[in-house]
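So the structure is just underneath, and the comments pick up after that.
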Amino acid sequence: AGGLSPLAAALGERWVAQNRPVILRGALRGWPPLQRWSDSYLRSAVGGKAVPVRHSPQECEGGRLFGDPGRMQAYESSEVPLSELLDELSAPHPRYYAARLQLRRSLPELLADLDETHPAAALEGGPAAALGGCFGDPQAVNPVCYLGAGRQATPMHFDPSENLLCVVQGAKELTLFHPADTPHLYPAGERNSAAVYSLANLCDPADADRFPALAEARPLRALVREGDVLYLPCGWWHAVRGSEGRNLSVNYWFALHESKADARVEVDGIVARAAREAAALG
């Protein structure tokens, strides 16, 4: 782990190399977006810019689910000005959720805030610069923002990449499953991106009866608060729910480190198997 900071070296050796998730509590201390990205700042800097949003959520237990696990095209989406999105997120039952918002494409004015180093910052140069040495190449889409409210939920899925989830405002609750639980999670093949989704809806208690093998899976619960970083390993299934108030996270995806070839083979196998099972379902 030569050249890495002590925190990055520990992350790489104890967690990344073993493909195990971990929350780095308070690791974003001093990161400019935490102090800077207020409602007034965002409206002033980028309020007139159009951003993609998901809409038409389903009511679910304790919130709203953006996406339908039973449909191959899981999301309904459109574009609205960011100021309109912020207005909607202040409403009692928000109709919008901005997910996979590529800042480099949609809001490049905010990029400088992410890379600026504050004298009190725990991660010099931001999380991607400080921790990226644990992984392979960063993905071209980085950084990606998620902005929601009203306990918005995302269907269970996994991404075939390493992920650093950085919470800037609010909190994110995740239900995680190890890749070994895949046979119990009803994978439905690739949809919308490289992500593999489950047919089961964890927000619907009735799905425990429709998908009985779910009972054999062993979930982990993670609460990622403002200022925390979650390392979400390649291949780990996750269903995500935001906090009631406005919640904002910035994600960075990476290829696997060259030392994790075994994990790459395992994940490729899961993706191929999910595609075959999805084809068999028609």
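Scheme for the structure tokens: letters A, B, ... for chains in order shown; per-chain residue numbers from 1; ligand numbers from 1 in order shown.
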
Mind dumping a table of every segment 32-70 of chain A residue within 9 Å of segment 149-160 of chain A, with the nearest atom pair and its distance in Å to one decimal, using only C-alpha atoms, sorted by chain and rising number, as CSV?
residue,atom,partner,partner_atom,distance
A:Pro57,CA,A:Gln152,CA,8.6
A:Cys60,CA,A:Ala153,CA,8.6
A:Gly62,CA,A:Arg151,CA,7.2
A:Gly63,CA,A:Arg151,CA,5.0
A:Arg64,CA,A:Gln152,CA,5.1
A:Leu65,CA,A:Ala153,CA,4.6
A:Phe66,CA,A:Thr154,CA,5.7
A:Gly67,CA,A:Pro155,CA,6.3
A:Asp68,CA,A:Pro155,CA,7.2
A:Pro69,CA,A:Pro155,CA,6.1

Determine, counting only C-alpha atoms, which protein, DNA and RNA residues have an atom within 9 Å of an atom of segment 122-134 of chain A; residues of the same chain fewer than 5 positions away are not included. Present the result as a PDB file with N, CA and C atoms, in the first residue's frame.
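See around.pdb below for the written result:
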ATOM      1  N   ALA A   1       0.829  -1.193   0.000  1.00  0.00           N
ATOM      2  CA  ALA A   1       0.000   0.000   0.000  1.00  0.00           C
ATOM      3  C   ALA A   1       0.871   1.254   0.000  1.00  0.00           C
ATOM      4  N   GLY A   3       2.556   4.732  -0.721  1.00  0.00           N
ATOM      5  CA  GLY A   3       2.022   5.971  -1.229  1.00  0.00           C
ATOM      6  C   GLY A   3       0.643   6.315  -0.732  1.00  0.00           C
ATOM      7  N   LEU A   4      -0.034   5.403  -0.031  1.00  0.00           N
ATOM      8  CA  LEU A   4      -1.365   5.670   0.478  1.00  0.00           C
ATOM      9  C   LEU A   4      -1.271   6.289   1.869  1.00  0.00           C
ATOM     10  N   SER A   5      -2.276   7.111   2.213  1.00  0.00           N
ATOM     11  CA  SER A   5      -2.374   7.626   3.573  1.00  0.00           C
ATOM     12  C   SER A   5      -2.676   6.470   4.518  1.00  0.00           C
ATOM     13  N   LEU A   7      -5.181   6.052   6.488  1.00  0.00           N
ATOM     14  CA  LEU A   7      -6.588   5.659   6.373  1.00  0.00           C
ATOM     15  C   LEU A   7      -6.825   4.855   5.106  1.00  0.00           C
ATOM     16  N   ALA A   8      -6.268   5.319   3.983  1.00  0.00           N
ATOM     17  CA  ALA A   8      -6.454   4.598   2.723  1.00  0.00           C
ATOM     18  C   ALA A   8      -5.800   3.223   2.775  1.00  0.00           C
ATOM     19  N   ALA A   9      -4.638   3.141   3.396  1.00  0.00           N
ATOM     20  CA  ALA A   9      -3.963   1.852   3.507  1.00  0.00           C
ATOM     21  C   ALA A   9      -4.778   0.874   4.339  1.00  0.00           C
ATOM     22  N   LEU A  11      -8.056   1.009   4.811  1.00  0.00           N
ATOM     23  CA  LEU A  11      -9.236   0.665   4.017  1.00  0.00           C
ATOM     24  C   LEU A  11      -8.902  -0.418   3.003  1.00  0.00           C
ATOM     25  N   GLY A  12      -7.791  -0.243   2.305  1.00  0.00           N
ATOM     26  CA  GLY A  12      -7.414  -1.205   1.278  1.00  0.00           C
ATOM     27  C   GLY A  12      -7.130  -2.583   1.834  1.00  0.00           C
ATOM     28  N   GLU A  13      -6.381  -2.641   2.933  1.00  0.00           N
ATOM     29  CA  GLU A  13      -5.950  -3.934   3.464  1.00  0.00           C
ATOM     30  C   GLU A  13      -7.062  -4.676   4.192  1.00  0.00           C
ATOM     31  N   VAL A  16     -11.171  -3.398   1.400  1.00  0.00           N
ATOM     32  CA  VAL A  16     -11.235  -3.526  -0.060  1.00  0.00           C
ATOM     33  C   VAL A  16     -10.690  -4.883  -0.503  1.00  0.00           C
ATOM     34  N   ALA A  17      -9.536  -5.273   0.019  1.00  0.00           N
ATOM     35  CA  ALA A  17      -8.933  -6.541  -0.389  1.00  0.00           C
ATOM     36  C   ALA A  17      -9.824  -7.725  -0.053  1.00  0.00           C
ATOM     37  N   GLY A  26     -17.448  10.087   9.862  1.00  0.00           N
ATOM     38  CA  GLY A  26     -16.882  11.422   9.946  1.00  0.00           C
ATOM     39  C   GLY A  26     -15.714  11.685   9.022  1.00  0.00           C
ATOM     40  N   ALA A  27     -15.490  10.807   8.041  1.00  0.00           N
ATOM     41  CA  ALA A  27     -14.312  10.952   7.181  1.00  0.00           C
ATOM     42  C   ALA A  27     -14.380  12.190   6.285  1.00  0.00           C
ATOM     43  N   LEU A  28     -15.584  12.750   6.105  1.00  0.00           N
ATOM     44  CA  LEU A  28     -15.724  13.917   5.243  1.00  0.00           C
ATOM     45  C   LEU A  28     -15.580  15.230   6.009  1.00  0.00           C
ATOM     46  N   ARG A  29     -15.142  15.173   7.239  1.00  0.00           N
ATOM     47  CA  ARG A  29     -14.950  16.394   8.024  1.00  0.00           C
ATOM     48  C   ARG A  29     -14.086  17.389   7.244  1.00  0.00           C
ATOM     49  N   GLY A  30     -14.607  18.607   7.118  1.00  0.00           N
ATOM     50  CA  GLY A  30     -13.870  19.644   6.418  1.00  0.00           C
ATOM     51  C   GLY A  30     -14.030  19.642   4.911  1.00  0.00           C
ATOM     52  N   TRP A  31     -14.773  18.697   4.343  1.00  0.00           N
ATOM     53  CA  TRP A  31     -14.982  18.659   2.888  1.00  0.00           C
ATOM     54  C   TRP A  31     -15.916  19.807   2.509  1.00  0.00           C
ATOM     55  N   PRO A  32     -15.532  20.694   1.603  1.00  0.00           N
ATOM     56  CA  PRO A  32     -16.317  21.902   1.331  1.00  0.00           C
ATOM     57  C   PRO A  32     -17.808  21.683   1.038  1.00  0.00           C
ATOM     58  N   LEU A 114     -15.753  19.965  -4.939  1.00  0.00           N
ATOM     59  CA  LEU A 114     -15.453  18.582  -4.558  1.00  0.00           C
ATOM     60  C   LEU A 114     -13.955  18.345  -4.407  1.00  0.00           C
ATOM     61  N   ASP A 115     -13.162  19.044  -5.172  1.00  0.00           N
ATOM     62  CA  ASP A 115     -11.724  18.792  -5.197  1.00  0.00           C
ATOM     63  C   ASP A 115     -10.929  19.768  -4.343  1.00  0.00           C
ATOM     64  N   GLU A 116     -11.595  20.807  -3.855  1.00  0.00           N
ATOM     65  CA  GLU A 116     -10.903  21.814  -3.043  1.00  0.00           C
ATOM     66  C   GLU A 116     -10.499  21.206  -1.706  1.00  0.00           C
ATOM     67  N   THR A 117      -9.325  21.536  -1.240  1.00  0.00           N
ATOM     68  CA  THR A 117      -8.844  21.037   0.052  1.00  0.00           C
ATOM     69  C   THR A 117      -8.989  22.124   1.110  1.00  0.00           C
ATOM     70  N   PRO A 143     -17.943  12.576 -10.782  1.00  0.00           N
ATOM     71  CA  PRO A 143     -18.730  12.173  -9.620  1.00  0.00           C
ATOM     72  C   PRO A 143     -20.215  12.177  -9.955  1.00  0.00           C
ATOM     73  N   LEU A 164     -17.662   4.373  -3.591  1.00  0.00           N
ATOM     74  CA  LEU A 164     -17.556   5.206  -2.391  1.00  0.00           C
ATOM     75  C   LEU A 164     -18.778   6.106  -2.355  1.00  0.00           C
ATOM     76  N   CYS A 166     -20.671   8.983  -0.446  1.00  0.00           N
ATOM     77  CA  CYS A 166     -20.296  10.077   0.454  1.00  0.00           C
ATOM     78  C   CYS A 166     -21.546  10.905   0.756  1.00  0.00           C
ATOM     79  N   VAL A 229     -18.523   8.177   4.898  1.00  0.00           N
ATOM     80  CA  VAL A 229     -18.263   7.529   3.608  1.00  0.00           C
ATOM     81  C   VAL A 229     -18.522   6.033   3.778  1.00  0.00           C
ATOM     82  N   TYR A 252     -18.644   7.854  -6.059  1.00  0.00           N
ATOM     83  CA  TYR A 252     -17.520   7.648  -6.961  1.00  0.00           C
ATOM     84  C   TYR A 252     -17.398   6.148  -7.215  1.00  0.00           C
ATOM     85  N   PHE A 254     -15.329   2.925  -9.179  1.00  0.00           N
ATOM     86  CA  PHE A 254     -13.993   2.551  -9.642  1.00  0.00           C
ATOM     87  C   PHE A 254     -14.008   1.116 -10.154  1.00  0.00           C
ATOM     88  N   LEU A 256     -12.102  -2.556 -10.304  1.00  0.00           N
ATOM     89  CA  LEU A 256     -11.436  -3.297  -9.247  1.00  0.00           C
ATOM     90  C   LEU A 256      -9.925  -3.130  -9.345  1.00  0.00           C
ATOM     91  N   HIS A 257      -9.282  -3.120  -8.190  1.00  0.00           N
ATOM     92  CA  HIS A 257      -7.832  -3.146  -8.151  1.00  0.00           C
ATOM     93  C   HIS A 257      -7.343  -4.436  -8.805  1.00  0.00           C
TER      94      HIS A 257
END

Open item on the list: DSSP on the backbone: which residues in segment 38-94 of chain A end up as strand (DSSP E)? Give the answer as JSON, numbers by chain.
Closed with: {"A": [50, 51, 52, 53, 54, 55, 58, 59, 60, 63, 64, 65, 76, 77, 78, 79, 80, 81]}

Next, dump the selected residues to file, keeping only all heavy atoms, as a compact mmCIF listing (two decimals), in the first residue's frame.
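The resulting part-v4.txt:
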# COMPACT_ATOMS: atom_id res chain seq x y z
N ALA A 50 -30.96 22.50 -15.96
CA ALA A 50 -31.87 21.36 -16.06
C ALA A 50 -31.15 20.09 -15.58
O ALA A 50 -29.99 19.86 -15.93
CB ALA A 50 -32.34 21.17 -17.50
N VAL A 51 -31.86 19.31 -14.78
CA VAL A 51 -31.29 18.07 -14.26
C VAL A 51 -32.29 16.93 -14.48
O VAL A 51 -33.50 17.14 -14.44
CB VAL A 51 -30.94 18.18 -12.76
CG1 VAL A 51 -29.84 19.20 -12.54
CG2 VAL A 51 -32.17 18.52 -11.93
N PRO A 52 -31.81 15.71 -14.72
CA PRO A 52 -32.71 14.56 -14.86
C PRO A 52 -33.25 14.13 -13.50
O PRO A 52 -32.51 14.10 -12.51
CB PRO A 52 -31.81 13.48 -15.47
CG PRO A 52 -30.43 13.85 -15.03
CD PRO A 52 -30.40 15.34 -14.93
N VAL A 53 -34.54 13.82 -13.46
CA VAL A 53 -35.17 13.33 -12.24
C VAL A 53 -36.00 12.09 -12.55
O VAL A 53 -36.53 11.93 -13.65
CB VAL A 53 -36.07 14.41 -11.57
CG1 VAL A 53 -35.24 15.61 -11.14
CG2 VAL A 53 -37.20 14.83 -12.50
N ARG A 54 -36.11 11.22 -11.57
CA ARG A 54 -37.06 10.11 -11.63
C ARG A 54 -38.36 10.59 -11.00
O ARG A 54 -38.36 11.37 -10.04
CB ARG A 54 -36.50 8.90 -10.88
CG ARG A 54 -35.25 8.35 -11.54
CD ARG A 54 -34.60 7.25 -10.72
NE ARG A 54 -33.36 6.80 -11.38
CZ ARG A 54 -32.49 5.93 -10.85
NH1 ARG A 54 -32.73 5.42 -9.63
NH2 ARG A 54 -31.41 5.58 -11.51
N HIS A 55 -39.47 10.11 -11.53
CA HIS A 55 -40.77 10.54 -11.00
C HIS A 55 -41.73 9.34 -10.99
O HIS A 55 -41.32 8.20 -11.21
CB HIS A 55 -41.33 11.72 -11.79
CG HIS A 55 -41.45 11.48 -13.27
ND1 HIS A 55 -42.46 10.73 -13.83
CD2 HIS A 55 -40.66 11.88 -14.30
CE1 HIS A 55 -42.31 10.70 -15.14
NE2 HIS A 55 -41.21 11.39 -15.46
N GLN A 58 -43.94 4.75 -6.51
CA GLN A 58 -44.96 3.91 -5.90
C GLN A 58 -44.92 4.14 -4.39
O GLN A 58 -43.85 4.19 -3.80
CB GLN A 58 -44.68 2.43 -6.15
CG GLN A 58 -44.50 2.03 -7.59
CD GLN A 58 -44.13 0.55 -7.69
OE1 GLN A 58 -44.79 -0.31 -7.10
NE2 GLN A 58 -43.06 0.25 -8.39
N GLU A 59 -46.11 4.26 -3.78
CA GLU A 59 -46.14 4.31 -2.33
C GLU A 59 -45.67 2.98 -1.78
O GLU A 59 -46.04 1.92 -2.29
CB GLU A 59 -47.57 4.61 -1.84
CG GLU A 59 -48.07 6.00 -2.20
CD GLU A 59 -47.24 7.10 -1.56
OE1 GLU A 59 -46.84 6.95 -0.38
OE2 GLU A 59 -46.98 8.12 -2.24
N CYS A 60 -44.83 3.02 -0.79
CA CYS A 60 -44.35 1.79 -0.16
C CYS A 60 -44.27 2.01 1.33
O CYS A 60 -44.52 3.12 1.82
CB CYS A 60 -43.00 1.36 -0.73
SG CYS A 60 -41.63 2.48 -0.35
N GLY A 63 -42.55 5.25 2.85
CA GLY A 63 -41.90 6.13 1.89
C GLY A 63 -42.40 5.92 0.49
O GLY A 63 -43.54 5.48 0.28
N ARG A 64 -41.55 6.23 -0.51
CA ARG A 64 -41.91 6.09 -1.92
C ARG A 64 -40.78 5.39 -2.66
O ARG A 64 -39.61 5.75 -2.48
CB ARG A 64 -42.17 7.48 -2.53
CG ARG A 64 -43.56 8.01 -2.30
CD ARG A 64 -43.62 9.51 -2.37
NE ARG A 64 -42.82 10.13 -1.31
CZ ARG A 64 -43.20 10.17 -0.03
NH1 ARG A 64 -44.33 9.63 0.33
NH2 ARG A 64 -42.43 10.73 0.88
N LEU A 65 -41.17 4.42 -3.49
CA LEU A 65 -40.19 3.64 -4.26
C LEU A 65 -40.11 4.20 -5.67
O LEU A 65 -41.11 4.21 -6.40
CB LEU A 65 -40.60 2.17 -4.29
CG LEU A 65 -39.69 1.24 -5.10
CD1 LEU A 65 -38.32 1.12 -4.44
CD2 LEU A 65 -40.33 -0.13 -5.27
N GLU A 76 -39.26 5.89 -14.52
CA GLU A 76 -39.85 6.96 -15.31
C GLU A 76 -39.03 8.21 -15.04
O GLU A 76 -38.77 8.55 -13.88
CB GLU A 76 -41.31 7.20 -14.89
CG GLU A 76 -42.21 5.99 -15.00
CD GLU A 76 -42.58 5.65 -16.43
OE1 GLU A 76 -42.37 6.53 -17.31
OE2 GLU A 76 -43.05 4.53 -16.67
N SER A 77 -38.62 8.93 -16.09
CA SER A 77 -37.73 10.07 -15.87
C SER A 77 -38.04 11.23 -16.80
O SER A 77 -38.69 11.06 -17.84
CB SER A 77 -36.26 9.64 -16.05
OG SER A 77 -36.04 9.17 -17.36
N SER A 78 -37.60 12.43 -16.41
CA SER A 78 -37.74 13.64 -17.21
C SER A 78 -36.69 14.62 -16.73
O SER A 78 -35.82 14.27 -15.91
CB SER A 78 -39.15 14.23 -17.07
OG SER A 78 -39.41 14.54 -15.72
N GLU A 79 -36.72 15.87 -17.22
CA GLU A 79 -35.79 16.90 -16.77
C GLU A 79 -36.57 18.09 -16.22
O GLU A 79 -37.61 18.47 -16.76
CB GLU A 79 -34.89 17.37 -17.92
CG GLU A 79 -33.79 16.38 -18.28
CD GLU A 79 -32.70 17.02 -19.12
OE1 GLU A 79 -32.92 18.13 -19.66
OE2 GLU A 79 -31.61 16.42 -19.24
N VAL A 80 -36.03 18.69 -15.13
CA VAL A 80 -36.62 19.89 -14.55
C VAL A 80 -35.47 20.80 -14.11
O VAL A 80 -34.35 20.33 -13.88
CB VAL A 80 -37.53 19.57 -13.34
CG1 VAL A 80 -38.66 18.64 -13.74
CG2 VAL A 80 -36.73 18.98 -12.18
N PRO A 81 -35.72 22.10 -13.96
CA PRO A 81 -34.68 22.97 -13.38
C PRO A 81 -34.37 22.54 -11.95
O PRO A 81 -35.26 22.10 -11.21
CB PRO A 81 -35.33 24.36 -13.42
CG PRO A 81 -36.41 24.26 -14.43
CD PRO A 81 -36.92 22.85 -14.36

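By chain and then residue number, the residues within 10 Å of Leu42 of chain A are Arg36, Gly48, Leu82, Ser83, Leu86, Glu109 and Leu110 of chain A, counting only C-alpha atoms and disregarding those fewer than 6 positions away in sequence.
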
Task: Residue nearest Leu185 of chain A among A:Pro212, A:Gly227, A:Gly47, A:Pro205 (counting only C-alpha atoms) - done: A:Pro212

TODO: Would you list the contacts of Asn251 of chain A as a PyMOL selection string, taking every protein, DNA or RNA residue within 12 Å and counting only C-alpha atoms, but skipping same-chain residues closer than 5 positions in sequence?
DONE: chain A and resi 99-103+114+126-128+138-139+141-147+161-168+228-232

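Minimum atom-to-atom distance to Gly136 of chain A, evaluated using only C-alpha atoms, belongs to A:Lys260 out of A:Arg95, A:Lys260, A:Arg221, A:Lys172.
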
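Closest approach to Gly235 of chain A among A:Arg105, A:Arg43, A:His118, A:Arg20: A:Arg20, based on only C-alpha atoms.
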